Amino acid sequence: MPDQLPPNFESKENLSAVLHKAGDLRIEKTPLPEKPGKNEVVLKTSKVGICGSDVSYWVKGYIGSFVVKEPMILGHETSAHVVAVGEGVTHLKPGDRVAIEPGVPCRYCVACREGAYNVCPTIFFSATPPDHGTLTRYFKHAADFCYKLPDHVSDEEGALMEPLSVAIHACNRGNIKGGEVILICGAGPIGLMCLLTAKAFGVTNICITDINEARLEVAKNLGATTAVLLKKDLTPEATKDQIVTGLGRMPDTVFECSGVEASLQLAINACKEGGIVVIIGMGSNEVKLPIVTAACKELDIRGCFRYKHTWPKAVNLIASGRIDVKPIITHRFKLEQTIDAFEMAKGGEAIKVVIDCDTE
């Protein structure tokens, strides 16, 4: 029967990582989800990756206008196993493994009806205040935002469909085509995902920048053509010259993945005339930019907010072997070790930290 939970489900323990306020993250029991309604599934969480936004909420208690005002379960990069399905769900059954698209829009507003559901003003988004996330044993989600994983794709790869989707959407926003020259500012998880995605899209000439030399080495191993270490004693013009020398010319498209003001300035100054700058990283709400330079170069500066219509492509890219996300995972923890996992993610040594929420 659909919408029925398994026998003895009510006896399960729903351990969760709950952020009460900035700096106050607790591992505690929370209520189990109720039986699924129409177009809903109850899920048993498998793997959850720690995102920079999770760390920001933990450290600062906010990102821009999104402020933690009451206890909130963290986590949104998720794979899970289906426990029960609700009325009308035909593409999933109990036992299926799925990747979760964490943003569920209203489906009725102007943005949704025009296909831009990622900017729906009333979207439910896991681990964005006030919505709970997925660092928990069990949760409920919209069935049409769950994507079945092929048998040969692991749960860890399923969890990384989310940051990969950010990169796919960014490449779509940048109109990336084979043979182009690109610059990626920031070699964190999203920057590295942009690198892998751009390569899958046919780009072969890629420069990446960062302040962390170890991350640049990872980027080169993943296929970056050249890497530029950002140094305080290096002028912006000298940094730009290193980029242009490494690429052979100014980039067609720049992906800014750090959100840092100086990096945003570099993105505009380094991009070729008539090029595209895609802003992915979320930093301060107000920054100082060389906007006249951007105007005189006729740059297109494009925002990039989460993703839309990317999960099927992400699943196919990983399942086909065109993209291998496994090298990005550097550290693994259990749900009970979540605080240690967040400390690791904050420290800068890790690239992608994955938490195992499954007790079996």
# chains A, B, ... in the order shown; residues from 1 in each chain; ligands from 1
call {"tool": "select_by_dssp", "arguments": {"residues": "region 148-226 of chain A", "states": "helix (DSSP H, G or I)", "output": "number ranges by chain"}}
result
A: 155-159, 161-173, 189-200, 213-221
call {"tool": "write_last_selection", "arguments": {"atoms": "C-alpha atoms", "output": "PDB file, in the first residue's frame"}}
result
ATOM      1  CA  ASP A 155      25.506   6.989  -2.543  1.00  0.00           C
ATOM      2  CA  GLU A 156      28.490   9.314  -2.116  1.00  0.00           C
ATOM      3  CA  GLU A 157      28.318  10.227  -5.799  1.00  0.00           C
ATOM      4  CA  GLY A 158      24.575  10.717  -5.335  1.00  0.00           C
ATOM      5  CA  ALA A 159      25.183  13.261  -2.593  1.00  0.00           C
ATOM      6  CA  MET A 161      24.906  15.611  -7.528  1.00  0.00           C
ATOM      7  CA  GLU A 162      24.000  18.839  -5.694  1.00  0.00           C
ATOM      8  CA  PRO A 163      27.314  20.729  -5.998  1.00  0.00           C
ATOM      9  CA  LEU A 164      27.715  19.258  -9.489  1.00  0.00           C
ATOM     10  CA  SER A 165      24.330  20.738 -10.375  1.00  0.00           C
ATOM     11  CA  VAL A 166      25.559  24.160  -9.241  1.00  0.00           C
ATOM     12  CA  ALA A 167      28.418  23.822 -11.731  1.00  0.00           C
ATOM     13  CA  ILE A 168      26.168  22.611 -14.549  1.00  0.00           C
ATOM     14  CA  HIS A 169      23.831  25.551 -14.039  1.00  0.00           C
ATOM     15  CA  ALA A 170      26.849  27.905 -13.937  1.00  0.00           C
ATOM     16  CA  CYS A 171      28.145  26.519 -17.236  1.00  0.00           C
ATOM     17  CA  ASN A 172      24.685  26.932 -18.728  1.00  0.00           C
ATOM     18  CA  ARG A 173      24.597  30.540 -17.494  1.00  0.00           C
ATOM     19  CA  PRO A 189      34.400  22.258  -4.191  1.00  0.00           C
ATOM     20  CA  ILE A 190      32.310  24.445  -6.508  1.00  0.00           C
ATOM     21  CA  GLY A 191      35.344  25.712  -8.431  1.00  0.00           C
ATOM     22  CA  LEU A 192      36.553  22.148  -8.919  1.00  0.00           C
ATOM     23  CA  MET A 193      33.064  21.061  -9.981  1.00  0.00           C
ATOM     24  CA  CYS A 194      33.059  23.893 -12.540  1.00  0.00           C
ATOM     25  CA  LEU A 195      36.413  22.612 -13.784  1.00  0.00           C
ATOM     26  CA  LEU A 196      35.096  19.065 -14.226  1.00  0.00           C
ATOM     27  CA  THR A 197      31.875  20.269 -15.841  1.00  0.00           C
ATOM     28  CA  ALA A 198      33.586  22.647 -18.257  1.00  0.00           C
ATOM     29  CA  LYS A 199      35.860  19.794 -19.358  1.00  0.00           C
ATOM     30  CA  ALA A 200      32.806  17.595 -19.908  1.00  0.00           C
ATOM     31  CA  GLU A 213      48.423  25.806  -3.075  1.00  0.00           C
ATOM     32  CA  ALA A 214      47.258  22.293  -2.150  1.00  0.00           C
ATOM     33  CA  ARG A 215      43.874  22.911  -3.740  1.00  0.00           C
ATOM     34  CA  LEU A 216      45.556  24.173  -6.894  1.00  0.00           C
ATOM     35  CA  GLU A 217      47.511  20.910  -7.082  1.00  0.00           C
ATOM     36  CA  VAL A 218      44.216  19.024  -6.914  1.00  0.00           C
ATOM     37  CA  ALA A 219      42.860  21.247  -9.692  1.00  0.00           C
ATOM     38  CA  LYS A 220      45.846  20.493 -11.903  1.00  0.00           C
ATOM     39  CA  ASN A 221      45.405  16.769 -11.281  1.00  0.00           C
TER      40      ASN A 221
END
call {"tool": "residues_around", "arguments": {"residues": "region 14-29 of chain A", "least_positions_apart": "2", "cutoff": "9 Å", "atoms": "only C-alpha atoms", "output": "MDAnalysis selection string"}}
result
chainID A and resid 12 31:33 56:62 68:75 132 134:139 335:339 357
call {"tool": "closest_residue", "arguments": {"among": "A:Val48, A:Ile208, A:Val315, A:Ala187", "to": "Ile328 (chain A)", "atoms": "only C-alpha atoms"}}
result
A:Ala187
call {"tool": "closest_atom_pairs", "arguments": {"of": "region 42-90 of chain A", "to": "region 142-153 of chain A", "cutoff": "10 Å", "atoms": "only C-alpha atoms", "output": "tab-separated table"}}
result
residue	atom	partner	partner_atom	distance
A:Val42	CA	A:Ala143	CA	8.9
A:Leu43	CA	A:Cys146	CA	9.9
A:Ser79	CA	A:Leu149	CA	9.0
A:Ala80	CA	A:Cys146	CA	9.1
A:His81	CA	A:Lys148	CA	9.4
A:Val82	CA	A:Cys146	CA	9.5
A:Val85	CA	A:Ala143	CA	7.9
A:Gly86	CA	A:Ala143	CA	8.4
A:Gly88	CA	A:Ala143	CA	9.3
A:Val89	CA	A:Ala143	CA	6.7
A:Thr90	CA	A:Ala143	CA	9.2
call {"tool": "atom_distance", "arguments": {"atom1": "CA of Gly64 (chain A)", "atom2": "CA of Ser258 (chain A)"}}
result
14.9 Å
